[in-house]
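First the structure, in the form of structure tokens, and then the observations on it.
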Amino acid sequence: MSTPIPHLVIVGNGMVGHRLTEQLRQHAAPDALRLTVISEESRLAYDRVHLSSHLDDPRPDLSLATDAGYRDSGVTVVQGRADAVDLTAKTVQVAGQTLAYDALVFATGSFPFVPPVPGRDARGCFVYRTLDDLDAIREAARGARSGAVIGGGLLGLEAAGALRKLGLETHVVEFAPHLMPAQLDAEGGAALRHTIEGMGIAVHLSRNTRQVSVDAQGRVTGLDFEGGTRLDADLVVFSAGIRPRDDLARAAGLSVGERGGILIDDACHTSDPHTYAVGECALHDGRVYGLVAPGYQMAKVAAVNVLRDLGVLDAPPAHFRGADLSTKLKLLGVEVGSFGDARGVTPGARSVSLSDNVRGTYSKVVVSEDGRVLGGLLVGDTARYADLLDLTMTGTPLCVPPETLIVPPLPGGAATTSADALLCSCENVRQSALCAAIGEGARDVASLKKCTGAGTGCGGCVPSLHGLLQTELRRLGETVTNHLCEHYPYSRQELFDVIRVRGHATWDEVLAAHGSGLGCEICKPAVGSILASLHGELVVAPQHAPLQDTNDAFLANIQKNGTYSVMPRVPGGEITAEGLIAIGAVAKRYGLYCKITGGQRIDLLGAHRDDLPAIWEELIAAGFESGHAYGKSLRTVKSCVGSTWCRYGVQDSTSLAVRLELRYRGLRSPHKLKSGVSGCTRECAEARSKDFGIIATEKGWNVYVGGNGGVTPKHALLLASDLSEDEVVTLLDRYLMFYVRTADRLQRTSTWLENLEGGLDYLCGVIIDDRLGLCAELDGEMARHVGTYRDEWAAAVNDPAIRARFRTFVNSDARDEGVQWVDERGQIRPADAPHLYPLPMLGGD
Amino acid sequence: MTLTAPPTHPPIPWTRVCALDDILPGTGVCALIGGQQVAVFRLGGRVYATGNRDPYTGANVLSRGLTGSYTVSGETRVKVASPLLKHAFDLESGLSLDDPRLSVPVYATRTEGGDVWTGSLA
Ligand code: SRM
Ligand SMILES: Cc1cc2nc3c(=O)[nH]c(=O)nc-3n(C[C@H](O)[C@H](O)[C@H](O)COP(=O)(O)OP(=O)(O)OC[C@H]3O[C@@H](n4cnc5c(N)ncnc54)[C@H](O)[C@@H]3O)c2cc1C
Ligand code: SF4
Ligand code: FES
């Protein structure tokens with residue numbers, strides 16, 4: 001005898017509906033529960049929170065669910081809109097079929113509210129909710145010049161960012177007197193407005209749209225406001241709030257709220273005992289949540305309760321007790337955080353705020369009479385968000401004046417992180433829970449996500465998860481495995497030593513002696529770089545070329561459409577008029593886009609691979625050489641004009657920069673190397689943001705090491721003062737060679753130095769006091785590098801076998817038709833996907 | 001249930017692409033066959049052919065990717081990683097290793113008297 005397997009039907013396959021399937025399958029296998037989802041959209045569940053990134057190029061994959069995934073976990077998908085539910089018969093009508101259920105869950109989300117203004121259905125009017133909406137907007141934007149978004153809230157600003165991305169002149173129209181009226185106060189709104197206008201988005205406040213005006217063909221021409229003003233626009237996006245999709249539930253006879261939303265209790269039960277609702281369609285305790293995190297909590301709660309009710313799970317009932325509406329967002333690149341009683345409406349509450357009209361920041365905390373943080377707002381800088389949210393949630397009495405909570409930290413001052421910081425606010429995961437998970441065996445971010453849920457919402461906390469994992473593992477005294485990849489059970493440093501000691505000269509020797517398989521995109525370039533550092537042979541030599549990433553293989557930087565950029569070396573940023581003319585002539589002849597880089601030189605972009613040798617032949621004839629912009633090697637040594645020109649200069653910074661750039665050019669290293677030399681303490685060459693920086697003093701030069709711009713800026717640390725030029729060179733020779741030998745793959749000097757046990761003192765011990773007796777060896781290695789350097793582009797253009805590799809097609813002289821250009825400000829740029837015209841099938845989908 | 005039709009790849013005729021020596025061991029070249037870009041790789045003593053277009057970026061670059069091997073359930077297979085965003089594809093099945101819904105077409109190959117030929121399987 002077998003009891004029938006209970007059948008659960010979920011209406012709606014959005015973010016919460018999908019999360020519910022996952023939660024259910026965690027507790028109930030297909031032989032314990034039949035699961036059917038009804039999905040109305042043209043795609044299965046996707047990450048709506050990151051909807052706007054659908055317009056990015058390359059377009060990220062936002063899908064959360066796949067056909068195959070559902071098939072594997074025994075979830076049946078019925079495509080179509082559920083159009084009726086019979087609560088007594090326990091059936092749902094969808095796509096002409098009738099599904100019988102034992103339990104039913106509404107996860108129907110919400111729909112964008114479109115105010116009833118005349119013309120709202122005109123051609124050119126859109127909403128912003130689904131991938132299909134975005135595709136339609138993208139299509140319409142091709143023929144449009146300007147666009148207006150009605151609604152200056154969270155989603156309206158997202159939509160405005162999208163129109164901007166599509167190249168439209170963009171307007172935001174808001175009824176309230178400031179932006180994001182639901183979250184911000186007037187001052188916060190003003191700070192946000194300032195920044196958003198700075199991005200070229202026009203903001204129109206206190207505007208009530210009377211009608212959408214249309215032309216004779218029924219196409220949108222603009223907006224007419226109350227009071228007679230008007231705004232021209234070719235495209236209009238409505239983003240004036242959302243409404244729960246309770247139509248189906250309402251028609252079935254379930255209780256709904258006065259202003260919409262399917263009524264649920266703490267168990268996520270609706271007014272019918274076999275029916276539940278979760279996500280944005282549900283009304284809990286008088287509230288509809290327009291955020292994904294509360295929806296996920298409901299999914300968790302409903303999963304347990306449904307399975308209990310169906311007799312599948314033996315567990316205590318679960319409860320949804322409401323959720324915090326705190327949000328931290330990055331809107332158009334502006335950080336906005338709002339938590340607790342952000343507007344200070346609690347009786348007796350005191351607000352303290354700080355606004356900076358230049359940085360465009362605004363911070364405010366609301367404190368209760370008895371000195372506890374009740375809430376707050378952060379615009380433009382949310383570094384303090386986690387700490388403040390934590391104080392709010394825990395209700396910790398303050399022992400400092402509240403204003404100190406929002407003053408920017410003094411440089412060098414210690415950060416005030418609380419003992420158990422909230423690291424992931426989407427999933428409400430604290431540091432303690434993450435540490436516990438690590439204690440129980442989680443060894444990477446993927447498993448942390450799996451067992452705590454942290455990082456699975458907006459993803460903004462993932463970098464903190466990485467950081468915490470490293471610190472915790474080190475604290476637990478564990479060796480964080482640093483094997484290069486599955487082919488080599490060694491760290492880069494170990495492999496470097498093995499290759500050096502055994503004297504291996506080729507990949508084949510290294511693989512045969514120490515590796516397995518055929519290698520991969522991680523170990524091949526790493527071994528290639530080690531061989532190049534040790535032996536100084538050309539990276540394009542036939543025995544080394546197969547190890548190189550495309551940039552090193554073709555001695556140029558690949559661009560998004562497969563073409564390359566060309567960057568000749570301009571040592572110290574110093575260039576003659578003839579040099580400039582020669583570069584200009586080459587750019588003109590080969591139709592290249594020109595740009596001055598952040599590294600004081602000129603970049604020529606859009607070169608076809610088969611033009612590269614000819615381009616370089618001309619540049620070499622004009623006295624240029626490779627700038628190694630493509631290599632993990634020295635990039636530039638920036639300089640300032642120094643004592644030769646500047647009235648403040650105390651040393652000749654340009655000459656030293658040229659000397660250093662020529663000395664270290666072509667040095668292959670674990671990561672790229674950058675440097676700068678400044679002629680006085682004003683530091684115009686920004687030397688302290690570099691891997692090694694030199695700053696002139698009255699008596700000579702100060703050497704700084706381990707600086708970084710980029711993702712994690714760091715000021716370089718003083719290694720030695722008042723050196724002569726020759727002393728600078730000796731010290732740098734050793735510093736660089738020691739780094740090349742001991743750093744991990746793709747580790748910049750700043751992280752290398754941070755992780756070097758003993759830090760700067762140890763480094764001084766090795767390269768100044770010679771404690772390890774290594775200095776002579778390091779000096780010798782650098783001398784060999786300098787002695788064997790030759791320009792790899794000159795070598796490449798003079799070798800017919802290497803030149804042959806640059807052909808686009810091995811069997812034809814044709815060019816890649818996939819490369820298409822559009823004009824921008826008088827130069828070429830790659831056509832974005834929407835500009836691409838249809839091509840014959842090019843070996844793809 | 002399928003939401004999107006599986007991509008179809010027009011067949012290509014058997015064509016001599018180049019001499020085996022034109023491909024450095026471990027690397028790829030691109031051939032133009034019947035208007036289509038075909039990436040041809042020489043790896044571990046064999047020759048593989050796939051479409052040249054990286055479906056993640058839409059750029060025709062796969063022949064310039066780094067080749068290598070990977071292990072899955074104890075089996076060693078061969079792959080190429082796109083030079084743009086490093087998405088890898090199995091050289092024999094064409095499947096993306098990052099997202100099994102994406103793939104590149106694969107073509108048959110043979111070497112004959114030092115020449116490399118590719119074509120669609122009949
Ligand atoms: C030309 C240039 C150096 C070079 O050859 O690269 C340069 C040259 C001077 N800088 Fe600078 N700075 C130059 C880029 C920089 C940079 C880098 C940057 O902005 O990209 C910085 C670091 C960033 C910054 O602004 O802090 C920089 C930080 C300074 C400072 C320190 C400012 C500070 O707040 O600490 C001064 C001193 C000052 O403001 O009084 C300064 C002052 C000067 C003055 C104007 C000193 C003076 O009062 O006469 C120098 C003019 C020399 C002359 O007689 O012509 N320069 N200076 C750079 C011009 C760039 C340009 O686009 O015009
Ligand atoms: C542009 C944008 C940005 C956002 N940013 C954030 C953010 O930064 N942070 C945040 O927390 N939240 C954000 N959100 C909100 C978040 O996306 C929602 O809270 C979340 O998607 C709600 O999930 P849900 O499953 O309840 O509803 P939905 O994701 O809307 O899913 C409901 C699904 O049910 C389907 N459906 C409805 N009725 C039926 C029917 N009768 N039959 C079949 N199918 C039906 C709908 O078509 C839809 O696919 C954003 C939303 C948008 C649009
Ligand atoms: S910052 Fe660097 S990596 Fe980012 S877009 Fe600019 S060039 Fe590319
Ligand atoms: S903060 Fe959003 S996923 Fe962690």
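Scheme for the structure tokens: letters A, B, ... for chains in order shown; per-chain residue numbers from 1; ligand numbers from 1 in order shown.
Of the residues in chain B, those that DSSP places in helix (DSSP H, G or I) on the basis of the backbone are B:Leu20, B:Asp21, B:Asp22, B:Leu62, B:Ser63, B:Arg64.
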Could you write out that same residue set with N, CA, C and O atoms as an mmCIF file, in the first residue's frame?
data_model
loop_
_atom_site.group_PDB
_atom_site.id
_atom_site.type_symbol
_atom_site.label_atom_id
_atom_site.label_comp_id
_atom_site.auth_asym_id
_atom_site.auth_seq_id
_atom_site.Cartn_x
_atom_site.Cartn_y
_atom_site.Cartn_z
ATOM 1 N N LEU B 20 49.601 21.016 -40.207
ATOM 2 C CA LEU B 20 49.648 20.826 -38.758
ATOM 3 C C LEU B 20 50.738 21.717 -38.158
ATOM 4 O O LEU B 20 50.561 22.295 -37.077
ATOM 5 N N ASP B 21 51.836 21.879 -38.888
ATOM 6 C CA ASP B 21 52.937 22.697 -38.378
ATOM 7 C C ASP B 21 52.587 24.175 -38.284
ATOM 8 O O ASP B 21 53.322 24.947 -37.674
ATOM 9 N N ASP B 22 51.486 24.593 -38.915
ATOM 10 C CA ASP B 22 51.072 25.997 -38.800
ATOM 11 C C ASP B 22 50.489 26.291 -37.417
ATOM 12 O O ASP B 22 50.248 27.449 -37.081
ATOM 13 N N LEU B 62 37.731 32.794 -29.523
ATOM 14 C CA LEU B 62 38.088 31.547 -28.817
ATOM 15 C C LEU B 62 39.401 30.941 -29.278
ATOM 16 O O LEU B 62 40.130 30.360 -28.478
ATOM 17 N N SER B 63 39.747 31.094 -30.570
ATOM 18 C CA SER B 63 40.995 30.495 -31.069
ATOM 19 C C SER B 63 42.197 31.094 -30.355
ATOM 20 O O SER B 63 43.276 30.538 -30.384
ATOM 21 N N ARG B 64 42.010 32.239 -29.711
ATOM 22 C CA ARG B 64 43.126 32.889 -29.012
ATOM 23 C C ARG B 64 43.127 32.565 -27.521
ATOM 24 O O ARG B 64 43.844 33.181 -26.741
#
For this session: Find the spatial neighbours of B:Leu102, counting only C-alpha atoms, within a cut-off of 9 Å - ignore same-chain residues fewer than 5 positions away - and output them as a ChimeraX atom specification.
Result: /B:55-56,94-97
Problem set entry | Exercise: A:Gly188 partners within 8 Å, only C-alpha atoms, chain neighbours under 6 positions left out, as a ChimeraX atom specification | /A:362-363,377-379
Deliver the residues from the most recent selection as a file, using N, CA and C atoms, as a PDB file, in the first residue's frame.
ATOM      1  N   TYR A 362      25.671  63.008   3.153  1.00  0.00           N
ATOM      2  CA  TYR A 362      24.757  63.428   4.192  1.00  0.00           C
ATOM      3  C   TYR A 362      24.594  62.255   5.139  1.00  0.00           C
ATOM      4  N   SER A 363      24.779  62.484   6.433  1.00  0.00           N
ATOM      5  CA  SER A 363      24.571  61.408   7.399  1.00  0.00           C
ATOM      6  C   SER A 363      23.737  61.923   8.549  1.00  0.00           C
ATOM      7  N   LEU A 377      20.217  57.692   8.465  1.00  0.00           N
ATOM      8  CA  LEU A 377      20.280  57.824   7.017  1.00  0.00           C
ATOM      9  C   LEU A 377      21.711  58.090   6.614  1.00  0.00           C
ATOM     10  N   LEU A 378      22.148  57.487   5.526  1.00  0.00           N
ATOM     11  CA  LEU A 378      23.483  57.777   5.019  1.00  0.00           C
ATOM     12  C   LEU A 378      23.367  57.946   3.508  1.00  0.00           C
ATOM     13  N   VAL A 379      23.847  59.050   2.993  1.00  0.00           N
ATOM     14  CA  VAL A 379      23.828  59.261   1.539  1.00  0.00           C
ATOM     15  C   VAL A 379      25.255  59.588   1.104  1.00  0.00           C
TER      16      VAL A 379
END
Problem set entry | Secondary structure check, strand (DSSP E) residues of stretch 476-717 of chain A, as a PyMOL selection string | chain A and resi 557-558+564-566+593-596+602-607+634-639+673-678+692-696+701-705+717
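Among the candidates A:Cys680, A:Ile596, A:Val641, A:Ala614, the one nearest to ligand 1 when counting only C-alpha atoms and all ligand atoms is A:Val641.
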Problem set entry | 10 Å shell around ligand 1 using only C-alpha atoms and all ligand atoms, listed as a VMD selection string | chain A and resid 572 to 574 598 to 600 638 to 643 645 to 649 653 to 654 677 to 689
Output N, CA, C and O atoms for every residue in the selection just made, as a CSV table (one decimal), in the first residue's frame.
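New file part-v6.csv:
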chain,number,residue,atom,x,y,z
A,572,GLY,N,59.0,57.9,-18.3
A,572,GLY,CA,58.8,59.1,-17.4
A,572,GLY,C,57.7,60.1,-18.0
A,572,GLY,O,57.5,61.1,-17.4
A,573,GLY,N,57.0,59.7,-19.0
A,573,GLY,CA,56.0,60.6,-19.6
A,573,GLY,C,56.6,61.7,-20.5
A,573,GLY,O,55.9,62.6,-20.9
A,574,GLU,N,57.9,61.6,-20.7
A,574,GLU,CA,58.6,62.6,-21.5
A,574,GLU,C,58.6,62.2,-23.0
A,574,GLU,O,59.0,61.1,-23.3
A,598,GLY,N,46.0,57.2,-17.9
A,598,GLY,CA,46.3,57.6,-16.6
A,598,GLY,C,47.8,57.4,-16.2
A,598,GLY,O,48.2,57.8,-15.1
A,599,GLY,N,48.5,56.8,-17.1
A,599,GLY,CA,49.9,56.5,-16.8
A,599,GLY,C,50.9,57.4,-17.6
A,599,GLY,O,52.0,57.0,-17.9
A,600,GLN,N,50.4,58.6,-18.0
A,600,GLN,CA,51.3,59.5,-18.7
A,600,GLN,C,51.8,59.0,-20.1
A,600,GLN,O,52.9,59.1,-20.4
A,638,LYS,N,55.8,57.2,-13.5
A,638,LYS,CA,55.3,58.6,-13.8
A,638,LYS,C,56.3,59.6,-13.2
A,638,LYS,O,57.0,59.3,-12.2
A,639,SER,N,56.3,60.7,-13.7
A,639,SER,CA,57.2,61.7,-13.2
A,639,SER,C,56.5,63.1,-13.1
A,639,SER,O,55.4,63.2,-13.7
A,640,CYS,N,57.0,64.0,-12.4
A,640,CYS,CA,56.6,65.4,-12.5
A,640,CYS,C,57.7,66.1,-13.1
A,640,CYS,O,58.8,65.6,-13.4
A,641,VAL,N,57.5,67.4,-13.4
A,641,VAL,CA,58.5,68.2,-14.1
A,641,VAL,C,59.8,68.4,-13.3
A,641,VAL,O,60.9,68.6,-13.8
A,642,GLY,N,59.6,68.4,-12.0
A,642,GLY,CA,60.8,68.5,-11.1
A,642,GLY,C,61.6,69.7,-11.1
A,642,GLY,O,61.1,70.8,-11.7
A,643,SER,N,62.8,69.7,-10.6
A,643,SER,CA,63.7,70.9,-10.4
A,643,SER,C,64.0,71.5,-11.8
A,643,SER,O,64.4,72.7,-11.8
A,645,TRP,N,62.1,72.4,-14.1
A,645,TRP,CA,61.1,73.5,-14.5
A,645,TRP,C,60.4,74.1,-13.3
A,645,TRP,O,60.1,75.2,-13.3
A,646,CYS,N,60.0,73.2,-12.4
A,646,CYS,CA,59.1,73.7,-11.3
A,646,CYS,C,59.8,74.5,-10.3
A,646,CYS,O,60.9,74.2,-9.9
A,647,ARG,N,59.2,75.6,-9.9
A,647,ARG,CA,59.9,76.5,-8.9
A,647,ARG,C,60.0,75.9,-7.5
A,647,ARG,O,60.8,76.4,-6.7
A,648,TYR,N,59.3,74.8,-7.3
A,648,TYR,CA,59.5,74.2,-6.0
A,648,TYR,C,60.4,72.9,-6.0
A,648,TYR,O,60.8,72.4,-5.0
A,649,GLY,N,60.7,72.5,-7.2
A,649,GLY,CA,61.4,71.2,-7.3
A,649,GLY,C,62.8,71.2,-6.6
A,649,GLY,O,63.5,72.2,-6.8
A,653,SER,N,63.4,65.0,-10.9
A,653,SER,CA,62.6,63.8,-10.9
A,653,SER,C,62.4,63.2,-12.2
A,653,SER,O,62.3,62.0,-12.3
A,654,THR,N,62.3,64.0,-13.3
A,654,THR,CA,62.1,63.4,-14.6
A,654,THR,C,63.2,62.5,-15.0
A,654,THR,O,63.0,61.4,-15.5
A,677,VAL,N,58.0,59.2,-9.6
A,677,VAL,CA,59.0,60.0,-9.0
A,677,VAL,C,58.6,61.4,-8.9
A,677,VAL,O,58.3,62.0,-9.9
A,678,SER,N,58.6,62.0,-7.7
A,678,SER,CA,58.1,63.4,-7.5
A,678,SER,C,59.3,64.3,-7.2
A,678,SER,O,60.2,63.8,-6.4
A,679,GLY,N,59.3,65.5,-7.6
A,679,GLY,CA,60.4,66.4,-7.5
A,679,GLY,C,60.4,67.1,-6.1
A,679,GLY,O,61.4,67.8,-5.8
A,680,CYS,N,59.3,67.1,-5.4
A,680,CYS,CA,59.3,67.7,-4.1
A,680,CYS,C,58.1,67.1,-3.3
A,680,CYS,O,57.4,66.3,-3.9
A,681,THR,N,58.0,67.5,-2.1
A,681,THR,CA,57.0,66.9,-1.2
A,681,THR,C,55.6,67.1,-1.7
A,681,THR,O,54.7,66.4,-1.2
A,682,ARG,N,55.3,68.0,-2.7
A,682,ARG,CA,54.0,68.2,-3.2
A,682,ARG,C,53.5,67.0,-3.9
A,682,ARG,O,52.3,66.8,-4.1
A,683,GLU,N,54.4,66.1,-4.3
A,683,GLU,CA,54.0,64.8,-4.8
A,683,GLU,C,53.1,64.8,-6.0
A,683,GLU,O,52.1,64.1,-6.1
A,684,CYS,N,53.5,65.6,-7.0
A,684,CYS,CA,52.6,65.7,-8.2
A,684,CYS,C,52.6,64.4,-9.0
A,684,CYS,O,51.7,64.2,-9.9
A,685,ALA,N,53.6,63.5,-8.9
A,685,ALA,CA,53.6,62.3,-9.6
A,685,ALA,C,52.9,61.2,-8.9
A,685,ALA,O,52.8,60.0,-9.3
A,686,GLU,N,52.3,61.5,-7.7
A,686,GLU,CA,51.6,60.5,-6.9
A,686,GLU,C,52.4,59.2,-6.6
A,686,GLU,O,51.8,58.1,-6.7
A,687,ALA,N,53.6,59.4,-6.3
A,687,ALA,CA,54.5,58.3,-6.1
A,687,ALA,C,54.1,57.4,-5.0
A,687,ALA,O,54.3,56.1,-5.0
A,688,ARG,N,53.4,57.9,-4.0
A,688,ARG,CA,53.0,57.1,-2.8
A,688,ARG,C,51.8,56.2,-3.1
A,688,ARG,O,51.5,55.4,-2.3
A,689,SER,N,51.2,56.3,-4.3
A,689,SER,CA,50.2,55.4,-4.6
A,689,SER,C,50.7,54.2,-5.5
A,689,SER,O,50.0,53.5,-6.1
For this session: At a cut-off of 8 Å, list the chain B residues touching chain A, using only C-alpha atoms, as a ChimeraX atom specification.
Result: /B:1-3,7-10,17-18,24-27,29-32,35-38,44,51-61,64-70,76,81,83-84,104-105
Dump the neighbourhood of ligand 2 as a tab-separated table (two decimals) with C-alpha atoms, in the first residue's frame: all residues within 7 Å, distances computed on only C-alpha atoms and all ligand atoms.
chain	number	residue	atom	x	y	z
A	11	VAL	CA	1.80	30.38	-8.40
A	12	GLY	CA	4.55	32.71	-9.60
A	13	ASN	CA	8.19	31.95	-10.28
A	14	GLY	CA	9.89	35.16	-9.20
A	15	MET	CA	12.71	35.56	-6.71
A	16	VAL	CA	10.67	34.47	-3.69
A	17	GLY	CA	8.78	31.69	-5.47
A	38	ILE	CA	3.34	28.14	-12.49
A	39	SER	CA	5.49	30.63	-14.33
A	40	GLU	CA	4.04	33.42	-16.40
A	41	GLU	CA	7.12	35.29	-17.54
A	45	ALA	CA	13.13	33.02	-12.05
A	48	ARG	CA	15.23	41.06	-10.39
A	49	VAL	CA	17.29	43.05	-7.88
A	50	HIS	CA	20.03	43.32	-10.47
A	51	LEU	CA	17.60	43.85	-13.34
A	52	SER	CA	19.41	46.97	-14.54
A	80	GLY	CA	1.38	30.40	-18.36
A	81	ARG	CA	-0.74	32.65	-16.15
A	82	ALA	CA	-2.89	31.01	-13.49
A	83	ASP	CA	-6.32	32.44	-14.15
A	107	ALA	CA	4.19	34.08	-4.85
A	108	THR	CA	2.80	36.44	-7.44
A	109	GLY	CA	4.90	39.48	-6.53
A	110	SER	CA	3.72	42.90	-7.53
A	128	TYR	CA	10.37	48.76	-15.31
A	129	ARG	CA	9.82	45.37	-13.79
A	130	THR	CA	10.82	42.46	-16.01
A	155	LEU	CA	13.15	52.11	-8.71
A	158	GLU	CA	17.30	52.72	-11.22
A	159	ALA	CA	15.27	53.25	-14.36
A	245	ARG	CA	-0.64	41.21	-7.37
A	248	LEU	CA	-6.19	36.01	-8.47
A	278	VAL	CA	4.92	34.88	0.35
A	279	GLY	CA	6.90	37.79	-1.06
A	280	GLU	CA	5.68	41.07	-2.43
A	281	CYS	CA	2.07	39.92	-2.87
A	290	GLY	CA	9.00	45.74	-1.49
A	291	LEU	CA	12.37	44.16	-0.76
A	292	VAL	CA	13.68	40.72	-1.40
A	293	ALA	CA	15.12	39.90	2.05
A	295	GLY	CA	10.38	37.73	1.04
A	329	LEU	CA	21.85	50.41	-1.95
A	458	CYS	CA	22.57	41.72	-3.32
Problem set entry | Shell of 12 Å around stretch 750-763 of chain A, only C-alpha atoms, local chain residues under 6 positions omitted, as a PyMOL selection string | chain A and resi 470-471+474+493+670-674+688-692+704-720+731-732+734-744+769-772+774-775
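Once only C-alpha atoms and all ligand atoms are used for the distance check, the residues close to ligand 4 at 9 Å turn out to be Ala293, Lys328, Leu422, Leu423, Cys424, Ser425, Cys426, Glu427, Asn428, Val429, Gly453, Ala454, Gly455, Thr456, Gly457, Cys458, Gly459, Gly460, Cys461, Val462 and Leu465 of chain A.
With only C-alpha atoms and all ligand atoms as the atoms that count, the residue of B:Leu121, B:Val116, B:Ala108, B:Leu85 with the shortest distance to ligand 3 is B:Leu85.
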